[in-house]
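The next block is upload23.cif, given as mmCIF, C-alpha atoms.
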data_data
#
loop_
_atom_site.label_atom_id
_atom_site.label_comp_id
_atom_site.auth_asym_id
_atom_site.auth_seq_id
_atom_site.Cartn_x
_atom_site.Cartn_y
_atom_site.Cartn_z
CA MET A 1139 -15.32 14.45 28.86
CA ALA A 1140 -12.59 16.16 26.84
CA LYS A 1141 -10.66 13.97 24.45
CA THR A 1142 -7.03 13.36 25.43
CA LYS A 1143 -4.54 14.88 23.03
CA LEU A 1144 -1.93 12.28 22.09
CA HIS A 1145 1.53 12.53 20.57
CA ILE A 1146 2.00 9.71 18.06
CA LEU A 1147 5.36 8.90 16.49
CA MET A 1148 5.03 7.18 13.12
CA LEU A 1149 7.88 5.15 11.65
CA THR A 1150 8.05 4.67 7.90
CA GLU A 1151 10.80 3.86 5.39
CA TYR A 1152 9.54 6.54 2.99
CA PHE A 1153 7.77 9.81 3.59
CA TYR A 1154 7.60 13.28 2.06
CA PRO A 1155 9.30 14.11 -0.27
CA GLN A 1156 9.92 10.43 -1.06
CA ALA A 1157 6.33 9.18 -0.67
CA ARG A 1158 6.68 6.55 -3.39
CA GLY A 1159 3.47 4.54 -3.18
CA GLY A 1160 0.16 3.67 -1.60
CA SER A 1161 1.60 2.70 1.80
CA GLU A 1162 3.28 6.05 2.24
CA GLN A 1163 0.20 7.93 1.08
CA SER A 1164 -1.87 5.96 3.59
CA ALA A 1165 0.51 6.94 6.39
CA TYR A 1166 0.29 10.57 5.31
CA TYR A 1167 -3.51 10.66 5.18
CA LEU A 1168 -3.73 9.02 8.59
CA ALA A 1169 -1.28 11.53 10.07
CA LYS A 1170 -3.24 14.38 8.49
CA ALA A 1171 -6.56 13.08 9.85
CA LEU A 1172 -5.16 12.58 13.37
CA ILE A 1173 -3.85 16.16 13.39
CA GLN A 1174 -7.27 17.41 12.29
CA HIS A 1175 -8.67 15.57 15.33
CA GLY A 1176 -6.37 17.49 17.65
CA HIS A 1177 -3.46 15.07 18.03
CA GLN A 1178 0.23 15.68 17.46
CA VAL A 1179 1.95 13.49 14.88
CA SER A 1180 5.68 13.16 14.30
CA VAL A 1181 7.38 11.00 11.68
CA LEU A 1182 10.74 9.24 11.82
CA THR A 1183 12.05 8.27 8.40
CA PRO A 1184 15.39 7.79 6.57
CA ASN A 1185 17.02 10.80 4.99
CA TYR A 1186 17.45 10.37 1.25
CA GLY A 1187 18.54 13.95 0.61
CA ALA A 1188 16.18 16.34 2.44
CA LYS A 1189 16.39 18.42 5.64
CA ALA A 1190 17.23 16.48 8.79
CA ILE A 1191 14.37 18.10 10.70
CA GLU A 1192 11.40 20.00 9.32
CA THR A 1193 7.70 20.58 9.81
CA TRP A 1194 5.52 19.89 6.77
CA GLN A 1195 1.74 20.30 6.84
CA ARG A 1196 1.89 20.37 10.65
CA ILE A 1197 3.72 17.03 10.70
CA ARG A 1198 7.10 17.18 12.41
CA ILE A 1199 9.60 15.04 10.48
CA PHE A 1200 12.94 13.75 11.72
CA ARG A 1201 15.20 12.13 9.11
CA PHE A 1202 18.30 10.06 9.81
CA GLY A 1203 21.02 9.04 7.37
CA ILE A 1204 21.44 5.48 6.17
CA GLY A 1205 24.32 6.12 3.77
CA LYS A 1206 22.20 6.40 0.65
CA LYS A 1207 20.58 9.31 -1.21
CA LEU A 1208 17.82 9.24 -3.79
CA SER A 1209 17.96 11.35 -6.93
CA SER A 1210 14.21 11.56 -7.46
CA ALA A 1211 11.12 11.81 -5.27
CA GLU A 1212 9.66 8.85 -7.20
CA THR A 1213 12.52 6.33 -6.81
CA SER A 1214 13.10 3.77 -4.08
CA LEU A 1215 15.77 1.42 -2.80
CA THR A 1216 16.07 -2.35 -2.79
CA PRO A 1217 14.98 -3.94 0.52
CA PHE A 1218 18.63 -4.65 1.35
CA TRP A 1219 19.05 -1.06 2.53
CA HIS A 1220 16.40 -1.61 5.20
CA THR A 1221 17.31 -5.13 6.24
CA ASN A 1222 21.05 -5.04 6.98
CA LEU A 1223 22.92 -4.67 10.26
CA PHE A 1224 23.71 -1.01 9.61
CA TRP A 1225 19.99 -0.26 9.16
CA PHE A 1226 19.15 -2.09 12.37
CA LEU A 1227 21.69 -0.09 14.38
CA THR A 1228 20.97 3.30 12.81
CA SER A 1229 17.18 2.93 13.08
CA LEU A 1230 17.57 1.81 16.70
CA LEU A 1231 19.78 4.80 17.53
CA ALA A 1232 17.59 7.27 15.63
CA LEU A 1233 14.45 6.05 17.40
CA TRP A 1234 16.16 6.25 20.79
CA ARG A 1235 17.29 9.84 20.13
CA THR A 1236 13.86 10.83 18.80
CA LEU A 1237 12.07 9.44 21.85
CA ARG A 1238 14.38 11.24 24.24
CA GLN A 1239 13.90 14.54 22.39
CA TRP A 1240 10.20 14.44 21.44
CA GLN A 1241 8.73 12.10 24.10
CA PRO A 1242 5.76 10.64 22.18
CA LYS A 1243 3.18 8.48 23.93
CA ILE A 1244 2.62 6.00 21.09
CA ILE A 1245 4.98 4.35 18.59
CA HIS A 1246 3.07 3.56 15.40
CA VAL A 1247 5.01 1.46 12.89
CA GLN A 1248 3.91 2.14 9.31
CA GLY A 1249 6.91 0.45 7.69
CA LYS A 1250 7.66 -3.16 8.65
CA TYR A 1251 11.44 -2.76 8.60
CA PHE A 1252 11.21 -0.53 11.67
CA LEU A 1253 9.69 -3.37 13.72
CA PRO A 1254 12.89 -4.55 15.50
CA ALA A 1255 13.87 -1.03 16.59
CA ALA A 1256 10.30 -0.14 17.58
CA VAL A 1257 9.79 -3.22 19.75
CA ILE A 1258 13.16 -2.96 21.47
CA ILE A 1259 12.89 0.76 22.20
CA GLY A 1260 9.20 0.42 23.05
CA LYS A 1261 9.96 -2.17 25.72
CA LEU A 1262 12.86 -0.09 27.02
CA TYR A 1263 10.65 2.98 27.45
CA ARG A 1264 7.45 1.01 28.22
CA LEU A 1265 5.61 2.56 25.29
CA PRO A 1266 2.89 0.74 23.33
CA VAL A 1267 3.82 -0.21 19.77
CA ILE A 1268 1.15 -0.33 17.05
CA PHE A 1269 1.98 -1.99 13.74
CA THR A 1270 -0.18 -1.33 10.68
CA ALA A 1271 0.56 -4.19 8.28
CA ARG A 1272 0.28 -3.01 4.70
CA ASP A 1273 1.61 -6.16 2.99
CA TYR A 1274 2.40 -9.82 3.69
CA GLN A 1275 6.20 -9.61 3.91
CA ILE A 1276 6.30 -10.67 7.55
CA ILE A 1277 4.46 -13.87 6.56
CA CYS A 1278 6.27 -14.79 3.33
CA ASN A 1279 8.83 -12.66 1.53
CA LEU A 1280 7.80 -13.81 -1.95
CA GLY A 1281 4.13 -14.20 -1.08
CA LEU A 1282 3.04 -16.17 -4.15
CA CYS A 1283 1.85 -18.98 -1.87
CA LEU A 1284 -0.80 -16.59 -0.53
CA TRP A 1285 -2.36 -16.04 -3.95
CA ASP A 1286 -4.34 -19.27 -3.67
CA LYS A 1287 -4.32 -20.19 0.04
CA PRO A 1288 -4.03 -18.28 3.32
CA HIS A 1289 -1.12 -20.26 4.83
CA ARG A 1290 2.52 -19.44 4.17
CA CYS A 1291 4.59 -22.09 2.42
CA SER A 1292 6.88 -24.55 4.19
CA LEU A 1293 10.61 -24.46 3.46
CA LYS A 1294 10.20 -27.43 1.10
CA GLU A 1295 7.35 -25.68 -0.72
CA PHE A 1296 9.40 -22.49 -0.80
CA LEU A 1297 12.35 -24.20 -2.50
CA PHE A 1298 10.47 -26.43 -4.95
CA ALA A 1299 7.29 -24.46 -5.71
CA GLU A 1300 7.38 -20.87 -4.44
CA PHE A 1301 10.82 -19.90 -5.72
CA PRO A 1302 10.48 -21.56 -9.18
CA ASN A 1303 7.05 -19.91 -9.52
CA TYR A 1304 8.59 -16.54 -8.66
CA LEU A 1305 11.35 -16.95 -11.25
CA GLN A 1306 8.87 -18.02 -13.92
CA ARG A 1307 6.71 -14.95 -13.34
CA TYR A 1308 9.35 -12.30 -12.70
CA LEU A 1309 12.66 -13.57 -14.19
CA PRO A 1310 11.74 -16.14 -16.86
CA HIS A 1311 15.06 -15.87 -18.71
CA ALA A 1312 17.41 -15.93 -15.72
CA SER A 1313 20.87 -17.41 -16.32
CA PHE A 1314 22.28 -20.08 -14.01
CA LEU A 1315 24.35 -17.46 -12.18
CA SER A 1316 21.31 -15.21 -11.82
CA TYR A 1317 19.29 -18.21 -10.59
CA CYS A 1318 21.85 -18.92 -7.87
CA LEU A 1319 22.01 -15.27 -6.78
CA GLN A 1320 18.24 -14.97 -6.71
CA LEU A 1321 18.00 -18.13 -4.61
CA ILE A 1322 20.47 -16.70 -2.10
CA PHE A 1323 18.51 -13.41 -1.98
CA ALA A 1324 15.23 -15.31 -1.58
CA LEU A 1325 16.53 -17.43 1.30
CA ARG A 1326 17.94 -14.33 2.98
CA GLY A 1327 14.56 -12.67 2.50
CA ARG A 1328 12.85 -15.65 4.12
CA LEU A 1329 15.07 -15.31 7.18
CA ILE A 1330 14.31 -11.58 7.36
CA SER A 1331 10.60 -12.39 7.08
CA ARG A 1332 10.78 -14.73 10.08
CA TRP A 1333 12.77 -12.10 12.00
CA LEU A 1334 10.10 -9.48 11.35
CA TYR A 1335 7.33 -11.97 12.19
CA PHE A 1336 8.89 -12.49 15.63
CA PHE A 1337 8.89 -8.76 16.37
CA ALA A 1338 5.41 -8.20 14.92
CA ARG A 1339 4.02 -10.62 17.48
CA GLN A 1340 5.18 -8.23 20.21
CA THR A 1341 3.01 -5.41 18.85
CA HIS A 1342 -0.66 -4.49 18.50
CA ILE A 1343 -1.26 -5.45 14.86
CA VAL A 1344 -3.68 -3.56 12.62
CA THR A 1345 -4.69 -5.06 9.28
CA ILE A 1346 -6.31 -2.89 6.62
CA SER A 1347 -9.00 -5.27 5.32
CA ARG A 1348 -10.95 -8.27 6.51
CA LYS A 1349 -9.21 -10.39 3.87
CA GLU A 1350 -5.78 -9.42 5.17
CA GLN A 1351 -6.94 -10.13 8.71
CA ARG A 1352 -7.97 -13.67 7.72
CA ILE A 1353 -4.57 -14.33 6.14
CA PHE A 1354 -2.78 -13.03 9.22
CA ALA A 1355 -5.00 -15.14 11.49
CA ALA A 1356 -4.25 -18.26 9.42
CA ASN A 1357 -0.56 -17.63 10.16
CA GLY A 1358 -0.92 -17.14 13.91
CA LEU A 1359 -1.22 -13.36 14.04
CA ASN A 1360 -4.20 -11.70 15.73
CA SER A 1361 -5.14 -8.26 14.46
CA LYS A 1362 -7.76 -5.53 14.42
CA VAL A 1363 -9.15 -4.31 11.09
CA ILE A 1364 -8.96 -0.56 10.49
CA TYR A 1365 -9.35 0.65 6.92
CA ASN A 1366 -6.99 3.14 5.30
CA THR A 1367 -8.00 6.78 5.38
CA MET A 1368 -8.69 9.06 2.43
CA ASP A 1369 -9.95 12.60 1.97
CA PHE A 1370 -13.39 12.91 0.40
CA PRO A 1371 -13.57 16.61 -0.49
CA GLN A 1372 -16.55 18.20 -2.18
CA ALA A 1373 -16.91 16.67 -5.63
CA VAL A 1374 -15.25 18.73 -8.36
CA SER A 1375 -16.86 18.88 -11.79
CA VAL A 1376 -14.10 18.00 -14.26
CA PRO A 1377 -14.72 17.14 -17.94
CA ARG A 1378 -14.26 13.38 -18.35
CA LYS A 1379 -12.19 12.02 -21.21
CA PRO A 1380 -12.82 8.68 -22.98
CA GLN A 1381 -10.03 7.02 -21.05
CA ILE A 1382 -9.50 4.23 -18.54
CA ILE A 1383 -6.73 4.52 -15.98
CA PHE A 1384 -4.54 1.87 -14.38
CA ALA A 1385 -2.23 2.95 -11.55
CA GLY A 1386 0.27 0.61 -9.95
CA ARG A 1387 3.41 -1.40 -10.44
CA LEU A 1388 3.67 -3.09 -13.82
CA THR A 1389 4.07 -6.58 -12.37
CA PRO A 1390 2.20 -9.89 -12.61
CA GLY A 1391 0.88 -9.49 -9.05
CA LYS A 1392 -0.87 -6.24 -9.98
CA GLY A 1393 -2.35 -7.90 -13.05
CA ALA A 1394 -0.51 -5.67 -15.53
CA HIS A 1395 -0.14 -8.64 -17.92
CA LEU A 1396 -3.95 -8.75 -18.19
CA LEU A 1397 -4.32 -5.20 -19.52
CA ILE A 1398 -3.63 -5.85 -23.22
CA PRO A 1399 -5.78 -9.01 -23.51
CA THR A 1400 -8.54 -7.21 -21.60
CA LEU A 1401 -8.38 -4.28 -24.05
CA SER A 1402 -8.54 -6.75 -26.95
CA GLN A 1403 -11.67 -8.31 -25.45
CA PHE A 1404 -13.16 -4.88 -24.72
CA GLN A 1405 -12.78 -3.76 -28.36
CA ALA A 1406 -13.57 -0.08 -27.92
CA ALA A 1407 -11.25 2.00 -30.08
CA ALA A 1408 -12.67 5.24 -28.69
CA TYR A 1409 -11.09 4.60 -25.28
CA LYS A 1410 -7.48 5.08 -24.37
CA LEU A 1411 -5.76 3.27 -21.50
CA ILE A 1412 -3.64 5.53 -19.29
CA ILE A 1413 -1.00 3.69 -17.25
CA ALA A 1414 0.65 5.41 -14.29
CA GLY A 1415 3.46 3.27 -12.92
CA ASP A 1416 6.55 1.33 -13.85
CA GLY A 1417 7.85 -2.20 -13.58
CA ILE A 1418 9.16 -5.29 -15.33
CA LEU A 1419 6.22 -5.51 -17.77
CA ARG A 1420 6.68 -1.99 -19.15
CA SER A 1421 8.23 -3.14 -22.45
CA LYS A 1422 5.23 -5.38 -23.18
CA LEU A 1423 2.82 -2.47 -22.82
CA GLN A 1424 4.54 0.40 -24.61
CA SER A 1425 4.05 -0.82 -28.18
CA ARG A 1426 0.28 -0.22 -28.25
CA SER A 1427 -1.09 3.02 -29.72
CA SER A 1428 -4.17 2.71 -27.50
CA ILE A 1429 -1.97 2.80 -24.38
CA LYS A 1430 -0.30 5.85 -22.90
CA LEU A 1431 2.52 5.01 -20.50
CA LEU A 1432 3.30 7.79 -18.05
CA GLY A 1433 5.76 6.01 -15.76
CA GLN A 1434 6.02 7.23 -12.17
CA ILE A 1435 4.05 10.43 -11.59
CA SER A 1436 3.29 12.58 -8.58
CA HIS A 1437 0.35 11.75 -6.35
CA ARG A 1438 -1.28 15.08 -7.19
CA ARG A 1439 -1.06 14.32 -10.91
CA LEU A 1440 -2.51 10.87 -10.30
CA ILE A 1441 -5.55 12.30 -8.51
CA GLN A 1442 -6.09 14.65 -11.47
CA LEU A 1443 -6.03 11.70 -13.87
CA TYR A 1444 -8.60 9.84 -11.77
CA GLN A 1445 -10.83 12.91 -11.98
CA GLN A 1446 -10.45 13.09 -15.77
CA SER A 1447 -11.04 9.38 -16.45
CA GLN A 1448 -14.34 7.58 -16.90
CA LEU A 1449 -13.12 4.39 -15.27
CA ALA A 1450 -10.24 3.04 -13.19
CA ILE A 1451 -9.14 -0.59 -13.43
CA PHE A 1452 -7.26 -2.67 -10.82
CA PRO A 1453 -6.94 -6.29 -12.04
CA SER A 1454 -4.70 -7.54 -9.19
CA VAL A 1455 -3.97 -11.26 -9.12
CA TRP A 1456 -2.44 -11.25 -5.66
CA PRO A 1457 -4.65 -10.72 -2.56
CA GLU A 1458 -4.39 -6.95 -2.21
CA PRO A 1459 -4.16 -6.08 1.50
CA PHE A 1460 -6.40 -3.11 0.73
CA GLY A 1461 -6.32 -1.51 -2.73
CA ARG A 1462 -5.70 2.17 -2.14
CA GLY A 1463 -5.89 3.07 -5.82
CA ALA A 1464 -9.53 1.99 -5.96
CA LEU A 1465 -10.36 4.18 -2.96
CA GLU A 1466 -8.59 7.17 -4.49
CA ALA A 1467 -10.58 6.68 -7.70
CA LEU A 1468 -13.85 6.68 -5.74
CA ALA A 1469 -12.77 9.83 -3.91
CA ALA A 1470 -12.33 11.39 -7.36
CA GLY A 1471 -15.88 10.28 -8.27
CA THR A 1472 -14.65 7.63 -10.72
CA PRO A 1473 -16.22 4.14 -10.93
CA VAL A 1474 -13.86 1.17 -10.76
CA VAL A 1475 -13.43 -2.33 -12.13
CA THR A 1476 -11.28 -4.52 -9.90
CA SER A 1477 -10.42 -8.13 -9.40
CA ASN A 1478 -12.14 -9.95 -6.57
CA ARG A 1479 -8.82 -10.53 -4.81
CA GLY A 1480 -7.90 -9.32 -1.35
CA GLY A 1481 -9.51 -6.22 0.08
CA LEU A 1482 -10.67 -4.74 -3.23
CA PRO A 1483 -14.30 -5.99 -3.02
CA GLU A 1484 -14.58 -4.41 0.44
CA ILE A 1485 -14.01 -1.02 -1.22
CA VAL A 1486 -16.09 -1.53 -4.35
CA GLN A 1487 -19.07 -3.10 -2.53
CA ASP A 1488 -20.72 -3.92 -5.90
CA LYS A 1489 -22.14 -0.40 -5.85
CA TYR A 1490 -19.30 1.81 -7.07
CA GLY A 1491 -18.11 -0.55 -9.79
CA LEU A 1492 -17.60 -4.29 -10.19
CA SER A 1493 -15.20 -6.83 -8.68
CA VAL A 1494 -14.69 -9.91 -10.86
CA GLU A 1495 -12.33 -12.82 -11.48
CA PRO A 1496 -9.04 -11.47 -12.90
CA THR A 1497 -9.39 -12.88 -16.42
CA PRO A 1498 -9.46 -10.82 -19.62
CA GLU A 1499 -12.98 -12.03 -20.42
CA LYS A 1500 -14.46 -11.18 -17.01
CA LEU A 1501 -12.63 -7.83 -16.79
CA ALA A 1502 -13.73 -6.79 -20.30
CA GLN A 1503 -17.34 -7.71 -19.52
CA ALA A 1504 -17.17 -5.69 -16.30
CA ILE A 1505 -15.75 -2.65 -18.11
CA LYS A 1506 -18.57 -2.79 -20.67
CA GLN A 1507 -21.20 -3.14 -17.94
CA VAL A 1508 -19.86 -0.26 -15.85
CA LEU A 1509 -19.54 2.05 -18.85
CA GLN A 1510 -23.05 1.14 -20.04
CA ASN A 1511 -24.37 2.06 -16.60
CA TYR A 1512 -21.81 4.81 -16.05
CA HIS A 1513 -24.17 7.50 -14.73
CA GLN A 1514 -25.72 5.11 -12.22
CA TYR A 1515 -22.35 4.24 -10.73
CA VAL A 1516 -21.30 7.90 -10.67
CA ASN A 1517 -24.56 8.79 -8.90
CA ASN A 1518 -23.98 5.99 -6.38
CA ILE A 1519 -20.59 7.44 -5.53
CA ARG A 1520 -21.95 10.98 -5.34
CA GLN A 1521 -24.93 10.04 -3.18
CA ASP A 1522 -22.81 7.93 -0.82
CA ARG A 1523 -20.02 10.48 -0.42
CA GLN A 1524 -20.83 11.05 3.25
CA LYS A 1525 -21.02 7.32 3.87
CA LEU A 1526 -17.66 6.77 2.16
CA ASN A 1527 -16.14 9.66 4.11
CA PHE A 1528 -17.32 8.04 7.34
CA GLN A 1529 -16.17 4.53 6.41
CA PHE A 1530 -12.77 5.53 5.04
CA ASN A 1531 -11.95 8.71 6.97
CA LEU A 1532 -13.86 9.46 10.16
CA GLN A 1533 -14.35 5.91 11.40
CA PRO A 1534 -10.72 4.74 10.94
CA VAL A 1535 -9.45 7.75 12.90
CA SER A 1536 -11.94 7.06 15.69
CA GLN A 1537 -10.86 3.40 15.74
CA TYR A 1538 -7.19 4.37 15.99
CA GLU A 1539 -7.99 6.80 18.82
CA LYS A 1540 -9.72 4.01 20.74
CA LEU A 1541 -6.83 1.63 20.05
CA TYR A 1542 -4.27 4.18 21.24
CA SER A 1543 -6.26 4.84 24.41
CA SER A 1544 -6.72 1.14 25.17
CA CYS A 1545 -2.99 0.51 24.71
CA LEU A 1546 -2.09 3.35 27.05
CA SER A 1547 -4.52 2.18 29.72
#
Entire entry expressed as structure tokens:
Amino acid sequence: MAKTKLHILMLTEYFYPQARGGSEQSAYYLAKALIQHGHQVSVLTPNYGAKAIETWQRIRIFRFGIGKKLSSAETSLTPFWHTNLFWFLTSLLALWRTLRQWQPKIIHVQGKYFLPAAVIIGKLYRLPVIFTARDYQIICNLGLCLWDKPHRCSLKEFLFAEFPNYLQRYLPHASFLSYCLQLIFALRGRLISRWLYFFARQTHIVTISRKEQRIFAANGLNSKVIYNTMDFPQAVSVPRKPQIIFAGRLTPGKGAHLLIPTLSQFQAAAYKLIIAGDGILRSKLQSRSSIKLLGQISHRRLIQLYQQSQLAIFPSVWPEPFGRGALEALAAGTPVVTSNRGGLPEIVQDKYGLSVEPTPEKLAQAIKQVLQNYHQYVNNIRQDRQKLNFQFNLQPVSQYEKLYSSCLS
């Protein structure tokens, strides 16, 4: 029986040319894979300074204004721009207009801040709404409580443990005025989180790892696990440099504070650490001669760096919902060392690198072990390329097709 061609409308806060991070890249690769399987994919996204309507790589994009432009393809806005009343009304109106004009069969939310508009318009037009959850914001806006346990914090815990912990990690020298403002922002964020949680419950939720699914289940949200998609092209032979790459935000959650002590434990002067990303810990990393800070770079440049590096490291302390960087490194044929937090071990599988406790000692030992057995790990990746392509490309698309069909029926 011939496969039904579907028209899927994806909603995301950032998309080409403002694809700022892993979530947006995941939405792009899924859209690309669905098109290759014969489906039509459209994207609704805010307009930060591009054409209102265009077709890019066979993806039809509609952009609507939110009163803010971005000066660079690599910058982003504070969440306030996607959580205020104006955003709610403009996203609702833009989605209504897009549905009337393009008439998709499925609404697929890739960015959580579209949830209210998607659910309301979806019910109005009787269209199924899929929500791929790529973080834990709808459970807890700060999320530090989820680092050690699966349940979100109570309001009391939020005020007397979660918020002080957040300030200590991210704003240790905050003045009293800054403390008060941050508390107001945090409480507002908690209300937004509960608002989004309510709307998420009206959708078909997809989580992107078994670990994320367990956390969602512990907080009353049922979901189906479908991994992120990634291209696994024919392996390209690129000369490898004696360098290790870290890609991600320079924050405590991503484990950026562990990089220097890990390097000190590793004690290999021949290797240079390449850091692609920016964040609050940048100043603590830029004084080392063995570290090269690149800041925000294009996704194409990042893939090239993975291909040139002997190892990629992802020492996340928070429970990564997935860990796209690790998957991109494997697609480039590069072994990885990751923490054992979140979905990262589901990618590494103890075959393409090592997943260990995020401590400098354990990470340094893992780096030494992977580099000592470098060719074995590289061969594992090369030999399992078809398996990886199935697990993280073909199978996820097939699972989404089945989910779409079941929702429509």
Matched chain/residue IDs from the PyMOL selection byres ((chain A and resi 1433-1435) around 7), as JSON, numbers by chain: {"A": [1212, 1414, 1415, 1416, 1431, 1432, 1436, 1437, 1439, 1440]}
Evaluate the PyMOL selection byres ((chain A and resi 1430) around 7) against this structure - the residues, as a list in words, please.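 Going through the file, the PyMOL selection byres ((chain A and resi 1430) around 7) ends up selecting Leu1411, Ile1412, Ile1413, Ser1428, Ile1429, Leu1431 and Leu1432 of chain A.
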Just to confirm, what's the straight-line distance from CA of Ile1398 in chain A to CA of Glu1162 in chain A in Å (one decimal)?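 Between CA of Ile1398 in chain A and CA of Glu1162 in chain A the gap is 28.9 Å.
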I'd like the residues picked by the PyMOL selection byres ((chain A and resi 1336) around 12) written out as a ChimeraX atom specification, using the chain letters and numbers from the file. /A:1250,1253-1254,1257-1258,1276-1277,1329-1335,1337-1341,1358-1359
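The nearest approach to Lys1287 in chain A among the residues A:Lys1525, A:Arg1479, A:His1342, A:Lys1143, with all atoms listed in the file taken into account, belongs to A:Arg1479.
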Centre, x/y/z edge lengths, axis-aligned box for range 1309-1315 of chain A with 3 Å per side, as JSON:
{"center_x": 18.0, "center_y": -16.8, "center_z": -15.4, "size_x": 18.6, "size_y": 12.5, "size_z": 12.5}
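The closest residue to Gln1533 in chain A, picked from A:Ser1214, A:Thr1367, A:Ile1146, A:Trp1225 and counting only C-alpha atoms, is A:Thr1367.
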Residues within 12 Å of range 1298-1307 of chain A, please, as a PyMOL selection string. Count all atoms listed in the file; anything in the same chain fewer than 5 positions from it doesn't count. chain A and resi 1278-1286+1290-1293+1312-1314+1316-1325+1327-1328+1389-1391+1393-1395+1418-1419
Point-to-point distance in Å for CA of Ala1271 in chain A and CA of Thr1345 in chain A: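 The value is 5.4 Å.
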Would you mind reading off the distance between CA of Leu1265 in chain A and CA of Tyr1167 in chain A, one decimal, in Å? 23.5 Å
Hey, which of A:Glu1539, A:Glu1151, A:Asp1369, A:Glu1466 ends up closest to Ala1385 in chain A? Count all atoms listed in the file. A:Glu1466
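Proximity to Ile1191 in chain A was assessed for A:Tyr1166, A:Thr1236, A:Leu1397, A:Leu1231 counting all atoms listed in the file; the smallest distance is recorded for A:Thr1236.
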For Val1508 in chain A, which residue among A:Tyr1490, A:Phe1202, A:Phe1460, A:Phe1384 is the nearest when counting all atoms listed in the file?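 Nearest to Val1508 in chain A: A:Tyr1490.
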Between A:Gln1372, A:Gln1156, A:Gln1239, A:Thr1213, single out the one closest to Ala1188 in chain A, counting only C-alpha atoms.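 Distance minimum relative to Ala1188 in chain A lands on A:Gln1156.
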List as an mmCIF file with C-alpha atoms, keeping the file's coordinate frame the protein and nucleic acid residues near His1246 in chain A, meaning an atom at most 8 Å away when all atoms listed in the file are counted, but skip any in the same chain fewer than 3 places from it.
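As a result, around_0.cif now contains:
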data_model
loop_
_atom_site.group_PDB
_atom_site.id
_atom_site.type_symbol
_atom_site.label_atom_id
_atom_site.label_comp_id
_atom_site.auth_asym_id
_atom_site.auth_seq_id
_atom_site.Cartn_x
_atom_site.Cartn_y
_atom_site.Cartn_z
ATOM 1 C CA ILE A 1146 2.000 9.710 18.060
ATOM 2 C CA LEU A 1147 5.360 8.900 16.490
ATOM 3 C CA MET A 1148 5.030 7.180 13.120
ATOM 4 C CA LEU A 1149 7.880 5.150 11.650
ATOM 5 C CA VAL A 1267 3.820 -0.210 19.770
ATOM 6 C CA ILE A 1268 1.150 -0.330 17.050
ATOM 7 C CA PHE A 1269 1.980 -1.990 13.740
ATOM 8 C CA THR A 1270 -0.180 -1.330 10.680
#
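Residues lying within 12 Å of Gln1381 in chain A, counting all atoms listed in the file and ignoring same-chain neighbours fewer than 4 positions away, are Pro1377, Leu1401, Ala1406, Ala1407, Ala1408, Tyr1409, Lys1410, Leu1411, Ile1412, Ile1413, Ser1428, Ile1429, Lys1430, Leu1443, Tyr1444, Gln1445, Gln1446, Ser1447, Gln1448, Leu1449, Ala1450, Ile1451, Thr1472, Ile1505 and Leu1509 of chain A.
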Written selection (C-alpha atoms) as a CSV table (one decimal), in the frame of the given file:
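Result written to again_14.csv:
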chain,number,residue,atom,x,y,z
A,1377,PRO,CA,-14.7,17.1,-17.9
A,1401,LEU,CA,-8.4,-4.3,-24.0
A,1406,ALA,CA,-13.6,-0.1,-27.9
A,1407,ALA,CA,-11.2,2.0,-30.1
A,1408,ALA,CA,-12.7,5.2,-28.7
A,1409,TYR,CA,-11.1,4.6,-25.3
A,1410,LYS,CA,-7.5,5.1,-24.4
A,1411,LEU,CA,-5.8,3.3,-21.5
A,1412,ILE,CA,-3.6,5.5,-19.3
A,1413,ILE,CA,-1.0,3.7,-17.2
A,1428,SER,CA,-4.2,2.7,-27.5
A,1429,ILE,CA,-2.0,2.8,-24.4
A,1430,LYS,CA,-0.3,5.8,-22.9
A,1443,LEU,CA,-6.0,11.7,-13.9
A,1444,TYR,CA,-8.6,9.8,-11.8
A,1445,GLN,CA,-10.8,12.9,-12.0
A,1446,GLN,CA,-10.4,13.1,-15.8
A,1447,SER,CA,-11.0,9.4,-16.4
A,1448,GLN,CA,-14.3,7.6,-16.9
A,1449,LEU,CA,-13.1,4.4,-15.3
A,1450,ALA,CA,-10.2,3.0,-13.2
A,1451,ILE,CA,-9.1,-0.6,-13.4
A,1472,THR,CA,-14.6,7.6,-10.7
A,1505,ILE,CA,-15.8,-2.6,-18.1
A,1509,LEU,CA,-19.5,2.0,-18.8
Contacts of Val1181 in chain A at 12 Å or less, counting only C-alpha atoms, minus same-chain residues fewer than 3 places along, as a count of residues only? 44
I want to know what sits within 12 Å of Leu1223 in chain A, based on only C-alpha atoms, with residues of the same chain fewer than 3 positions away left out; could you give that as a count of residues only? 13
